[in-house]
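**Student:** So I've got this file, my_file.cif, and it contains mmCIF, C-alpha atoms:
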data_my_file
#
loop_
_atom_site.label_atom_id
_atom_site.label_comp_id
_atom_site.auth_asym_id
_atom_site.auth_seq_id
_atom_site.Cartn_x
_atom_site.Cartn_y
_atom_site.Cartn_z
CA MET A 1 0.00 0.00 0.00
CA GLU A 2 1.27 3.47 -0.83
CA LYS A 3 2.91 5.20 2.13
CA GLU A 4 0.98 8.41 1.51
CA LYS A 5 -2.33 6.56 1.73
CA VAL A 6 -1.20 4.85 4.94
CA GLU A 7 -0.50 8.26 6.48
CA GLU A 8 -3.88 9.53 5.35
CA LEU A 9 -5.50 6.50 6.99
CA ARG A 10 -3.51 7.16 10.17
CA ALA A 11 -4.76 10.73 10.24
CA PHE A 12 -8.34 9.57 9.67
CA VAL A 13 -8.14 7.08 12.57
CA SER A 14 -6.70 9.81 14.80
CA TYR A 15 -9.59 12.06 13.82
CA ILE A 16 -12.18 9.37 14.65
CA LYS A 17 -10.55 8.73 18.03
CA SER A 18 -10.77 12.41 18.92
CA ASN A 19 -14.36 12.72 17.62
CA PRO A 20 -16.17 9.37 18.00
CA SER A 21 -19.52 10.82 16.92
CA THR A 22 -18.10 11.46 13.46
CA ILE A 23 -18.68 7.79 12.61
CA ASP A 24 -22.43 8.57 12.51
CA ASP A 25 -21.94 11.11 9.71
CA PRO A 26 -24.18 10.01 6.78
CA SER A 27 -21.25 10.39 4.38
CA LEU A 28 -19.40 7.65 6.33
CA SER A 29 -22.32 5.20 6.44
CA PHE A 30 -20.52 2.82 4.04
CA PHE A 31 -17.54 2.68 6.43
CA LYS A 32 -19.75 2.18 9.48
CA ASP A 33 -21.62 -0.65 7.71
CA TYR A 34 -18.32 -2.34 6.91
CA LEU A 35 -17.14 -2.09 10.53
CA LEU A 36 -20.41 -3.56 11.78
CA SER A 37 -20.17 -6.39 9.24
CA ILE A 38 -16.87 -7.55 10.78
CA GLY A 39 -18.19 -7.37 14.33
CA ALA A 40 -16.80 -4.00 15.40
CA ARG A 41 -18.41 -2.06 18.24
CA MET A 42 -19.44 1.48 17.50
CA PRO A 43 -18.42 4.27 19.90
CA THR A 44 -21.22 5.69 21.97
CA GLU A 45 -21.54 8.97 23.78
CA SER A 46 -23.31 9.41 27.09
CA ILE A 47 -26.87 10.61 26.72
CA PRO A 48 -27.55 13.42 29.20
CA ARG A 49 -30.24 12.69 31.75
CA SER A 50 -32.32 14.85 34.00
CA PRO A 51 -32.46 14.24 37.77
CA LYS A 52 -35.86 12.57 37.33
CA ALA A 53 -34.42 10.27 34.69
CA GLU A 54 -31.65 9.37 37.13
CA GLN A 55 -34.29 8.15 39.57
CA ASP A 56 -36.15 6.22 36.89
CA TYR A 57 -33.04 4.29 35.94
CA GLY A 58 -33.11 2.51 39.29
CA ASP A 59 -30.02 0.37 39.74
CA SER A 60 -28.08 1.77 36.76
CA GLU A 61 -24.89 3.73 37.38
CA ASP A 62 -25.30 7.47 37.93
CA GLU A 63 -23.93 9.67 35.18
CA ILE A 64 -23.18 13.37 34.98
CA VAL A 65 -26.26 15.14 33.71
CA GLU A 66 -24.35 17.68 31.67
CA SER A 67 -27.56 19.07 30.19
CA ASP A 68 -28.34 20.44 33.65
CA ILE A 69 -25.11 22.45 33.81
CA GLU A 70 -25.01 25.95 32.41
CA PHE A 71 -21.58 26.17 30.83
CA GLU A 72 -19.82 29.42 30.03
CA GLY A 73 -18.40 30.18 26.59
CA GLU A 74 -19.49 29.64 23.01
CA LEU A 75 -19.01 26.29 21.30
CA VAL A 76 -18.10 25.53 17.70
CA GLU A 77 -19.87 22.87 15.67
CA HIS A 78 -17.89 19.97 14.21
CA GLU A 79 -16.63 21.02 10.80
CA ASN A 80 -17.10 18.63 7.88
CA ASP A 81 -14.05 19.74 5.90
CA PRO A 82 -11.61 17.15 4.52
CA LEU A 83 -8.86 16.09 6.89
CA PRO A 84 -5.68 18.18 6.71
CA GLN A 85 -3.06 16.77 4.37
CA ILE A 86 -0.04 15.16 5.97
CA GLY A 87 3.27 13.97 4.61
CA ASP A 88 5.08 10.65 4.42
CA VAL A 89 6.88 10.14 7.74
CA THR A 90 9.27 7.68 6.10
CA LYS A 91 10.45 10.33 3.66
CA ASP A 92 14.20 10.89 3.60
CA VAL A 93 14.26 14.63 4.41
CA THR A 94 17.24 16.48 2.96
CA GLU A 95 18.76 19.77 4.09
CA GLU A 96 17.28 21.38 1.01
CA ASP A 97 13.83 20.06 2.01
CA ARG A 98 14.23 21.56 5.46
CA ASP A 99 15.35 24.93 4.07
CA THR A 100 12.45 25.06 1.62
CA ALA A 101 10.01 23.99 4.35
CA GLN A 102 11.31 26.80 6.56
CA MET A 103 10.74 29.25 3.71
CA HIS A 104 7.11 28.13 3.43
CA LYS A 105 6.72 28.44 7.19
CA SER A 106 7.99 32.03 6.99
CA LYS A 107 5.48 32.79 4.25
CA ALA A 108 2.77 31.26 6.44
CA ASN A 109 3.73 33.59 9.28
CA GLU A 110 3.48 36.56 6.90
CA ALA A 111 0.07 35.39 5.69
CA GLN A 112 -1.13 35.07 9.31
CA SER A 113 0.03 38.59 10.13
CA GLU A 114 -1.99 39.83 7.16
CA GLY A 115 -5.05 37.88 8.30
CA ASN A 116 -4.91 35.46 5.36
CA LEU A 117 -5.36 32.20 7.28
CA GLU A 118 -6.21 30.07 4.25
CA GLU A 119 -2.91 31.01 2.64
CA ALA A 120 -1.12 30.28 5.92
CA VAL A 121 -2.58 26.76 5.91
CA ASN A 122 -1.53 26.24 2.28
CA GLN A 123 2.04 27.33 2.99
CA LEU A 124 2.27 25.15 6.08
CA THR A 125 0.88 22.18 4.18
CA MET A 126 3.63 22.56 1.57
CA ALA A 127 6.17 22.77 4.38
CA ILE A 128 4.77 19.60 5.99
CA LEU A 129 4.95 17.66 2.72
CA LEU A 130 8.62 18.61 2.47
CA ASN A 131 9.44 17.91 6.12
CA PRO A 132 6.73 15.56 7.52
CA THR A 133 8.72 14.72 10.66
CA SER A 134 8.66 18.26 12.07
CA ALA A 135 6.41 18.52 15.12
CA ILE A 136 6.50 22.33 15.08
CA LEU A 137 5.02 22.45 11.56
CA TYR A 138 2.00 20.36 12.58
CA ALA A 139 1.60 22.31 15.82
CA THR A 140 1.80 25.62 13.94
CA ARG A 141 -0.83 24.52 11.43
CA ALA A 142 -2.99 23.34 14.33
CA SER A 143 -2.79 26.83 15.85
CA VAL A 144 -3.96 28.32 12.53
CA PHE A 145 -6.90 25.90 12.43
CA VAL A 146 -7.80 27.06 15.94
CA LYS A 147 -7.93 30.66 14.70
CA MET A 148 -10.08 29.51 11.78
CA LYS A 149 -12.40 27.79 14.31
CA LYS A 150 -11.76 24.37 12.82
CA PRO A 151 -11.20 22.37 16.03
CA ASN A 152 -11.31 18.89 14.48
CA ALA A 153 -8.53 19.70 12.01
CA ALA A 154 -6.56 21.35 14.82
CA ILE A 155 -6.85 18.23 16.99
CA VAL A 156 -5.63 15.97 14.16
CA ASP A 157 -2.56 18.17 13.63
CA ALA A 158 -1.91 18.55 17.37
CA ASN A 159 -2.10 14.77 17.84
CA ARG A 160 0.43 14.34 15.03
CA ALA A 161 2.75 16.92 16.57
CA LEU A 162 2.55 15.18 19.95
CA GLU A 163 3.23 11.78 18.40
CA ILE A 164 6.47 13.18 16.98
CA ASN A 165 7.33 15.24 20.07
CA PRO A 166 5.47 14.41 23.32
CA ASP A 167 6.86 17.63 24.86
CA SER A 168 5.38 19.94 22.23
CA ALA A 169 3.94 22.82 24.26
CA LYS A 170 2.33 24.28 21.15
CA GLY A 171 0.74 20.90 20.40
CA TYR A 172 -0.88 20.72 23.84
CA LYS A 173 -1.92 24.36 23.65
CA SER A 174 -3.58 24.03 20.24
CA ARG A 175 -5.31 20.79 21.17
CA GLY A 176 -6.51 22.25 24.47
CA MET A 177 -7.96 25.31 22.76
CA ALA A 178 -9.63 23.10 20.13
CA LYS A 179 -11.12 20.84 22.83
CA ALA A 180 -12.50 23.92 24.57
CA MET A 181 -14.23 24.96 21.33
CA LEU A 182 -15.97 21.56 21.32
CA GLY A 183 -17.02 21.78 24.96
CA LYS A 184 -14.64 19.04 26.12
CA TRP A 185 -13.77 21.08 29.17
CA GLU A 186 -11.84 18.57 31.27
CA GLU A 187 -9.71 17.38 28.35
CA ALA A 188 -9.07 20.99 27.39
CA ALA A 189 -7.98 21.92 30.91
CA SER A 190 -5.61 18.94 31.07
CA ASP A 191 -3.91 19.89 27.78
CA LEU A 192 -3.69 23.57 28.66
CA HIS A 193 -2.12 22.89 32.05
CA LEU A 194 0.48 20.68 30.38
CA ALA A 195 1.18 23.40 27.83
CA ALA A 196 1.58 25.97 30.63
CA LYS A 197 4.11 23.75 32.41
CA LEU A 198 6.15 23.36 29.23
CA ASP A 199 5.97 26.94 27.97
CA TYR A 200 3.64 29.34 29.77
CA ASP A 201 2.11 32.30 27.96
CA GLU A 202 -0.77 34.71 28.63
CA GLU A 203 -3.00 33.22 25.93
CA ILE A 204 -3.01 29.86 27.72
CA ASN A 205 -3.90 31.60 30.98
CA ALA A 206 -6.74 33.50 29.29
CA VAL A 207 -8.27 30.31 27.88
CA LEU A 208 -7.90 28.49 31.21
CA LYS A 209 -9.86 31.27 32.93
CA LYS A 210 -12.76 30.40 30.64
CA VAL A 211 -12.34 26.62 30.82
CA GLU A 212 -11.74 26.04 34.54
CA PRO A 213 -15.10 27.43 35.78
CA ASN A 214 -16.82 24.81 33.59
CA VAL A 215 -14.52 22.09 34.91
CA HIS A 216 -15.40 23.11 38.48
CA LYS A 217 -19.10 22.90 37.63
CA ILE A 218 -18.65 19.37 36.28
CA GLU A 219 -16.71 18.32 39.39
CA GLU A 220 -19.40 19.76 41.64
CA HIS A 221 -22.02 17.98 39.59
CA ARG A 222 -20.15 14.70 40.02
CA ARG A 223 -19.93 15.19 43.78
CA LYS A 224 -23.65 15.86 43.90
CA TYR A 225 -24.58 12.68 42.06
CA GLU A 226 -22.02 10.62 43.94
CA HIS A 227 -23.74 11.74 47.13
CA LEU A 228 -27.13 10.81 45.68
CA ARG A 229 -25.78 7.43 44.58
CA LYS A 230 -24.48 6.68 48.08
CA GLU A 231 -27.79 7.73 49.59
CA ARG A 232 -29.62 5.40 47.23
CA GLU A 233 -27.29 2.52 48.11
CA MET A 234 -27.91 3.12 51.82
CA LYS A 235 -31.68 3.10 51.25
CA LYS A 236 -31.40 -0.12 49.26
CA ALA A 237 -29.34 -1.74 52.00
CA GLN A 238 -31.87 -0.64 54.63
CA ALA A 239 -34.75 -2.00 52.54
CA GLU A 240 -32.89 -5.30 52.16
CA ARG A 241 -32.38 -5.55 55.92
CA GLN A 242 -36.06 -4.87 56.49
CA ARG A 243 -36.99 -7.51 53.91
CA ARG A 244 -34.80 -10.13 55.57
CA ARG A 245 -36.15 -9.23 58.98
CA ALA A 246 -39.70 -9.62 57.66
CA GLU A 247 -38.82 -13.03 56.22
CA ALA A 248 -37.31 -14.07 59.54
CA GLU A 249 -40.42 -12.94 61.43
CA ALA A 250 -42.64 -14.83 59.01
CA ALA A 251 -40.53 -17.98 59.42
CA TYR A 252 -40.66 -17.57 63.19
CA ARG A 253 -44.45 -17.20 63.24
CA SER A 254 -44.80 -20.25 60.99
CA ALA A 255 -42.54 -22.40 63.16
CA LYS A 256 -44.29 -21.24 66.32
CA LYS A 257 -47.70 -22.02 64.85
CA GLU A 258 -46.62 -25.54 63.87
CA THR A 259 -45.18 -26.17 67.32
CA GLU A 260 -48.26 -24.88 69.14
CA SER A 261 -50.58 -26.93 66.94
CA SER A 262 -48.66 -30.20 67.42
CA GLU A 263 -47.70 -30.11 71.09
CA SER A 264 -47.04 -27.80 73.97
CA ILE A 265 -43.56 -26.74 75.01
CA PRO A 266 -41.83 -29.85 76.37
CA SER A 267 -41.09 -30.17 80.05
CA ALA A 268 -38.18 -31.82 81.77
CA SER A 269 -40.32 -34.94 82.37
CA ASN A 270 -41.25 -35.23 78.68
CA SER A 271 -37.71 -35.86 77.46
CA SER A 272 -38.60 -37.58 74.16
CA SER A 273 -40.41 -34.50 72.78
CA ALA A 274 -37.79 -32.20 74.30
CA PHE A 275 -34.95 -33.87 72.44
CA GLN A 276 -36.45 -34.87 69.04
CA ASP A 277 -33.55 -37.26 68.49
CA GLY A 278 -31.79 -36.90 65.13
CA LYS A 279 -33.37 -33.51 64.36
CA VAL A 280 -32.46 -29.83 64.76
CA ILE A 281 -34.85 -28.11 67.16
CA VAL A 282 -35.82 -24.49 66.45
CA VAL A 283 -35.91 -22.61 69.74
CA LEU A 284 -38.90 -20.25 69.92
CA SER A 285 -38.34 -18.33 73.15
CA GLN A 286 -36.07 -17.87 76.13
CA TYR A 287 -38.33 -20.13 78.20
CA ASP A 288 -38.25 -22.76 75.46
CA LEU A 289 -34.43 -22.73 75.52
CA LYS A 290 -34.30 -22.96 79.30
CA THR A 291 -36.73 -25.88 79.35
CA ARG A 292 -34.83 -27.86 76.72
CA LEU A 293 -31.45 -27.24 78.37
CA ASN A 294 -32.85 -28.37 81.72
CA ALA A 295 -34.22 -31.54 80.12
CA ALA A 296 -30.85 -32.25 78.45
CA SER A 297 -29.02 -31.64 81.74
CA ASN A 298 -31.33 -34.01 83.64
CA ALA A 299 -30.66 -36.67 80.99
CA SER A 300 -26.88 -35.94 81.03
CA ARG A 301 -26.99 -35.08 77.36
CA LEU A 302 -24.76 -32.63 75.50
CA SER A 303 -26.57 -29.63 73.97
CA VAL A 304 -25.23 -27.67 70.99
CA LEU A 305 -26.66 -24.17 70.55
CA TYR A 306 -26.40 -22.80 66.99
CA PHE A 307 -26.90 -19.00 66.85
CA THR A 308 -27.68 -17.96 63.26
CA ALA A 309 -29.45 -15.34 61.10
CA THR A 310 -31.33 -15.51 57.79
CA TRP A 311 -29.11 -12.82 56.24
CA CYS A 312 -25.84 -14.55 57.19
CA GLY A 313 -24.02 -16.21 54.27
CA PRO A 314 -21.66 -18.38 56.39
CA CYS A 315 -24.71 -19.53 58.40
CA ARG A 316 -26.33 -20.84 55.23
CA VAL A 317 -23.13 -22.77 54.53
CA MET A 318 -23.09 -24.36 58.00
CA ALA A 319 -26.83 -25.17 58.20
CA PRO A 320 -26.70 -28.42 56.11
CA LEU A 321 -23.73 -29.68 58.16
CA PHE A 322 -25.62 -28.96 61.40
CA GLU A 323 -28.57 -31.02 60.10
CA LYS A 324 -26.28 -33.95 59.18
CA LEU A 325 -24.56 -33.85 62.56
CA ALA A 326 -27.97 -34.01 64.29
CA GLN A 327 -28.77 -37.18 62.33
CA LYS A 328 -25.34 -38.65 63.01
CA HIS A 329 -25.48 -37.95 66.79
CA PRO A 330 -29.10 -38.54 67.93
CA GLN A 331 -27.98 -38.62 71.57
CA ILE A 332 -27.00 -34.92 71.35
CA VAL A 333 -29.57 -32.09 71.53
CA PHE A 334 -29.09 -29.72 68.57
CA LEU A 335 -30.74 -26.33 69.10
CA LYS A 336 -31.05 -23.55 66.50
CA LEU A 337 -31.62 -19.91 67.53
CA ASP A 338 -32.24 -16.91 65.21
CA ILE A 339 -30.58 -13.82 66.73
CA ASP A 340 -33.10 -11.48 65.05
CA GLN A 341 -36.02 -13.32 66.69
CA LEU A 342 -34.26 -13.98 69.99
CA SER A 343 -32.15 -10.86 70.39
CA SER A 344 -32.40 -10.91 74.19
CA VAL A 345 -31.18 -14.51 74.27
CA ALA A 346 -28.29 -13.65 71.92
CA GLN A 347 -27.38 -10.74 74.17
CA GLU A 348 -27.51 -12.96 77.27
CA TRP A 349 -25.13 -15.44 75.63
CA ASN A 350 -22.88 -12.59 74.46
CA VAL A 351 -23.22 -13.47 70.77
CA THR A 352 -21.19 -10.90 68.80
CA SER A 353 -21.10 -12.68 65.45
CA VAL A 354 -22.81 -15.49 63.58
CA PRO A 355 -22.59 -18.36 63.25
CA THR A 356 -21.62 -19.13 66.86
CA PHE A 357 -21.92 -22.56 68.52
CA PHE A 358 -22.07 -23.16 72.28
CA PHE A 359 -21.62 -26.60 73.84
CA VAL A 360 -23.55 -27.06 77.11
CA LYS A 361 -23.28 -30.06 79.40
CA ASN A 362 -24.76 -30.50 82.85
CA GLY A 363 -25.85 -26.84 82.83
CA LYS A 364 -22.38 -25.47 82.02
CA THR A 365 -20.83 -24.11 78.80
CA VAL A 366 -17.92 -26.41 78.05
CA ASP A 367 -16.84 -25.13 74.62
CA THR A 368 -17.48 -22.47 71.97
CA VAL A 369 -16.90 -22.43 68.19
CA ARG A 370 -17.19 -19.12 66.33
CA GLY A 371 -17.53 -18.69 62.58
CA ALA A 372 -18.03 -21.22 59.75
CA ASP A 373 -15.43 -23.60 61.20
CA ARG A 374 -16.59 -27.05 60.01
CA ASN A 375 -13.62 -28.91 61.42
CA GLY A 376 -13.83 -27.09 64.74
CA LEU A 377 -17.53 -27.92 65.09
CA GLU A 378 -17.05 -31.62 64.34
CA ARG A 379 -13.98 -31.80 66.60
CA SER A 380 -15.83 -30.26 69.57
CA ILE A 381 -18.79 -32.59 69.11
CA ALA A 382 -16.50 -35.62 69.05
CA LEU A 383 -14.73 -34.36 72.19
CA HIS A 384 -17.77 -33.57 74.33
CA ALA A 385 -20.21 -36.24 73.15
CA LYS A 386 -18.41 -38.87 75.27
#
Do you think you could lay out the structure here as structure tokens?

**Tutor:**
Amino acid sequence: MEKEKVEELRAFVSYIKSNPSTIDDPSLSFFKDYLLSIGARMPTESIPRSPKAEQDYGDSEDEIVESDIEFEGELVEHENDPLPQIGDVTKDVTEEDRDTAQMHKSKANEAQSEGNLEEAVNQLTMAILLNPTSAILYATRASVFVKMKKPNAAIVDANRALEINPDSAKGYKSRGMAKAMLGKWEEAASDLHLAAKLDYDEEINAVLKKVEPNVHKIEEHRRKYEHLRKEREMKKAQAERQRRRAEAEAAYRSAKKETESSESIPSASNSSSAFQDGKVIVVLSQYDLKTRLNAASNASRLSVLYFTATWCGPCRVMAPLFEKLAQKHPQIVFLKLDIDQLSSVAQEWNVTSVPTFFFVKNGKTVDTVRGADRNGLERSIALHAK
């Protein structure tokens, strides 16, 4: 492929990167169709939303509603002119080429001083074709495009200048001013600050005074919606806690109803119903717990108290094991207590986390296992079941 066409393609890609919306231009529909046909993803731009729309989106991520911000300064529409012509970077530039290019640059400066910007661009283009590896030539033409209010062309040239020389102050300056024309305030501020560090001048300062107030507005807007997002997350978390609590209360009422309908709370003399050998017993009250522990103590049986909660992930992991252990050790009394339903009992037993397992024998706590410690639970049962 011809080197000149490769450079033109490079410039076109650079232009698309700087202005993603350009791909939707009707004149480029053939190119967009081709990209889609090979599975490419098209660039998308954020659609501004109003505060009400933010609420309607529910769980979606909050975005800056830039349409709500009143920015300062006039913007320039994207120009549809052809991309600026660039040279062949692989060209072997001679001293004569450089001298002639410098002559064209001088003529461009004269044309600018006379207000003839079109002629300045023509002269700089001829200079670039002669010396396509000169960052200053691209940066200078970019500055002329800025004066002509052609920000897209300016960005293409500034990008080229910065590819050749990443420390091109004029490249950053021209690109920053072009970005400001397009309303890309944060990108503009970043480029202008870099330009000021490399080579400060009053023009950069003047543009920054117009750009930075808009950047501050965007930052304030972000802080506002970040605060709203956190508030919404807190409300969601609170609603989830309330939902889980309601589920736990419903489960408690159901279990209590079943127990009351089948038999009364077991007494120490009714040991068979108190123990329910091979099963996990759901404790319904403080009195219920006391009665069952007394019955186990009178029968010299080990009791294992399992403090849990419906919202606890590790508890859900340990629950099946607790059921299997009850089947495996029918001589042990396995008791399950929900800390949300029996908060006073949990407080009395000093339960600070779930799951927590207490081992009680002859009325005394002989061991404790905290957390989802499967091995620890099985080891303590084997030790105290004797």

**Student:** Just the number, please: distance in Å from CA of Arg301 in chain A to CA of Val369 in chain A, one decimal.

**Tutor:**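 Here the two named atoms are 18.6 Å from each other.
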
**Student:** Between CA of Gly183 in chain A and CA of Ala135 in chain A, what is the spacing in Å?

**Tutor:**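 It comes out at 25.6 Å.
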
**Student:** If the PyMOL selection byres ((chain A and resi 338) around 7) were run on this exact file, what residues would it hold? Put them as an MDAnalysis selection string.

**Tutor:** chainID A and resid 307:309 336:337 339:342

**Student:** Could you jot down the CA of Leu293 in chain A to CA of Ile381 in chain A separation for me, Å, one decimal place?

**Tutor:**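 CA of Leu293 in chain A sits 16.6 Å away from CA of Ile381 in chain A.
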
**Student:** Write out as a PDB file with C-alpha atoms, in the frame of the given file each polymer residue whose atoms come within 12 Å of range 86-92 of chain A, counting only C-alpha atoms; drop sequence neighbours fewer than 4 positions from it.

**Tutor:**
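To be explicit, this is the file written out as out.pdb:
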ATOM      1  CA  GLU A   2       1.270   3.470  -0.830  1.00  0.00           C
ATOM      2  CA  LYS A   3       2.910   5.200   2.130  1.00  0.00           C
ATOM      3  CA  GLU A   4       0.980   8.410   1.510  1.00  0.00           C
ATOM      4  CA  LYS A   5      -2.330   6.560   1.730  1.00  0.00           C
ATOM      5  CA  VAL A   6      -1.200   4.850   4.940  1.00  0.00           C
ATOM      6  CA  GLU A   7      -0.500   8.260   6.480  1.00  0.00           C
ATOM      7  CA  GLU A   8      -3.880   9.530   5.350  1.00  0.00           C
ATOM      8  CA  LEU A   9      -5.500   6.500   6.990  1.00  0.00           C
ATOM      9  CA  ARG A  10      -3.510   7.160  10.170  1.00  0.00           C
ATOM     10  CA  ALA A  11      -4.760  10.730  10.240  1.00  0.00           C
ATOM     11  CA  PHE A  12      -8.340   9.570   9.670  1.00  0.00           C
ATOM     12  CA  PRO A  82     -11.610  17.150   4.520  1.00  0.00           C
ATOM     13  CA  GLU A  96      17.280  21.380   1.010  1.00  0.00           C
ATOM     14  CA  ASP A  97      13.830  20.060   2.010  1.00  0.00           C
ATOM     15  CA  ARG A  98      14.230  21.560   5.460  1.00  0.00           C
ATOM     16  CA  VAL A 121      -2.580  26.760   5.910  1.00  0.00           C
ATOM     17  CA  ASN A 122      -1.530  26.240   2.280  1.00  0.00           C
ATOM     18  CA  LEU A 124       2.270  25.150   6.080  1.00  0.00           C
ATOM     19  CA  THR A 125       0.880  22.180   4.180  1.00  0.00           C
ATOM     20  CA  MET A 126       3.630  22.560   1.570  1.00  0.00           C
ATOM     21  CA  ALA A 127       6.170  22.770   4.380  1.00  0.00           C
ATOM     22  CA  ILE A 128       4.770  19.600   5.990  1.00  0.00           C
ATOM     23  CA  LEU A 129       4.950  17.660   2.720  1.00  0.00           C
ATOM     24  CA  LEU A 130       8.620  18.610   2.470  1.00  0.00           C
ATOM     25  CA  ASN A 131       9.440  17.910   6.120  1.00  0.00           C
ATOM     26  CA  PRO A 132       6.730  15.560   7.520  1.00  0.00           C
ATOM     27  CA  THR A 133       8.720  14.720  10.660  1.00  0.00           C
ATOM     28  CA  SER A 134       8.660  18.260  12.070  1.00  0.00           C
ATOM     29  CA  ALA A 135       6.410  18.520  15.120  1.00  0.00           C
ATOM     30  CA  LEU A 137       5.020  22.450  11.560  1.00  0.00           C
ATOM     31  CA  TYR A 138       2.000  20.360  12.580  1.00  0.00           C
ATOM     32  CA  ARG A 141      -0.830  24.520  11.430  1.00  0.00           C
ATOM     33  CA  ALA A 153      -8.530  19.700  12.010  1.00  0.00           C
ATOM     34  CA  VAL A 156      -5.630  15.970  14.160  1.00  0.00           C
ATOM     35  CA  ASP A 157      -2.560  18.170  13.630  1.00  0.00           C
ATOM     36  CA  ARG A 160       0.430  14.340  15.030  1.00  0.00           C
ATOM     37  CA  ALA A 161       2.750  16.920  16.570  1.00  0.00           C
ATOM     38  CA  GLU A 163       3.230  11.780  18.400  1.00  0.00           C
ATOM     39  CA  ILE A 164       6.470  13.180  16.980  1.00  0.00           C
TER      40      ILE A 164
END

**Student:** List, as a list in words, every residue that the PyMOL selection byres ((chain A and resi 354-364) around 6) selects in the file provided.

**Tutor:**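 So the PyMOL selection byres ((chain A and resi 354-364) around 6) ends up selecting Ser297, Leu302, Ser303, Val304, Leu305, Tyr306, Phe307, Thr308, Cys315, Ser353, Thr365, Val366, Asp367, Thr368, Val369, Arg370 and Gly371 of chain A.
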
**Student:** What would the selection look like, as an MDAnalysis selection string, if the PyMOL selection byres ((chain A and resi 167-173) around 7) were run on the coordinates I just shared?

**Tutor:** chainID A and resid 139 158 161:162 165:166 174:177 191:192 194:195 198:199 204

**Student:** Rank nothing, just name the residue among A:Ile136, A:Val144, A:Ala154, A:Val215 nearest to Asn116 in chain A, using all atoms listed in the file.

**Tutor:** A:Val144

**Student:** With distances taken over only C-alpha atoms, which of A:Val317, A:Ala326, A:Lys290, A:Ile16 is nearest to Leu28 in chain A?

**Tutor:**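 With only C-alpha atoms as the atom set, the closest residue is A:Ile16.
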
**Student:** Place a sphere of radius 9 Å on (-18.5, 21.4, 13.7) in the file coordinates and name every protein, DNA or RNA residue with an atom inside or on its surface, counting all atoms listed in the file; give the answer as a short mmCIF file (atom, residue, chain, number, x, y, z; two decimals) with C-alpha atoms, in the coordinates of the input.

**Tutor:**
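Written file, point.cif:
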data_model
loop_
_atom_site.label_atom_id
_atom_site.label_comp_id
_atom_site.auth_asym_id
_atom_site.auth_seq_id
_atom_site.Cartn_x
_atom_site.Cartn_y
_atom_site.Cartn_z
CA VAL A 76 -18.10 25.53 17.70
CA GLU A 77 -19.87 22.87 15.67
CA HIS A 78 -17.89 19.97 14.21
CA GLU A 79 -16.63 21.02 10.80
CA ASN A 80 -17.10 18.63 7.88
CA LYS A 149 -12.40 27.79 14.31
CA LYS A 150 -11.76 24.37 12.82
CA PRO A 151 -11.20 22.37 16.03
CA ASN A 152 -11.31 18.89 14.48
CA LEU A 182 -15.97 21.56 21.32
#

**Student:** Considering all atoms listed in the file, can you say which of A:Glu74, A:Lys197, A:Asn159, A:Trp311 comes closest to Met181 in chain A?

**Tutor:** A:Glu74

**Student:** Around all listed atoms of range 102-114 of chain A, padded 5 Å per side, what centre and edge lengths does the axis-aligned box have in Å to one decimal, as lines of an AutoDock Vina configuration file?

**Tutor:**
center_x = 4.7
center_y = 33.3
center_z = 6.8
size_x = 23.3
size_y = 23.0
size_z = 16.7
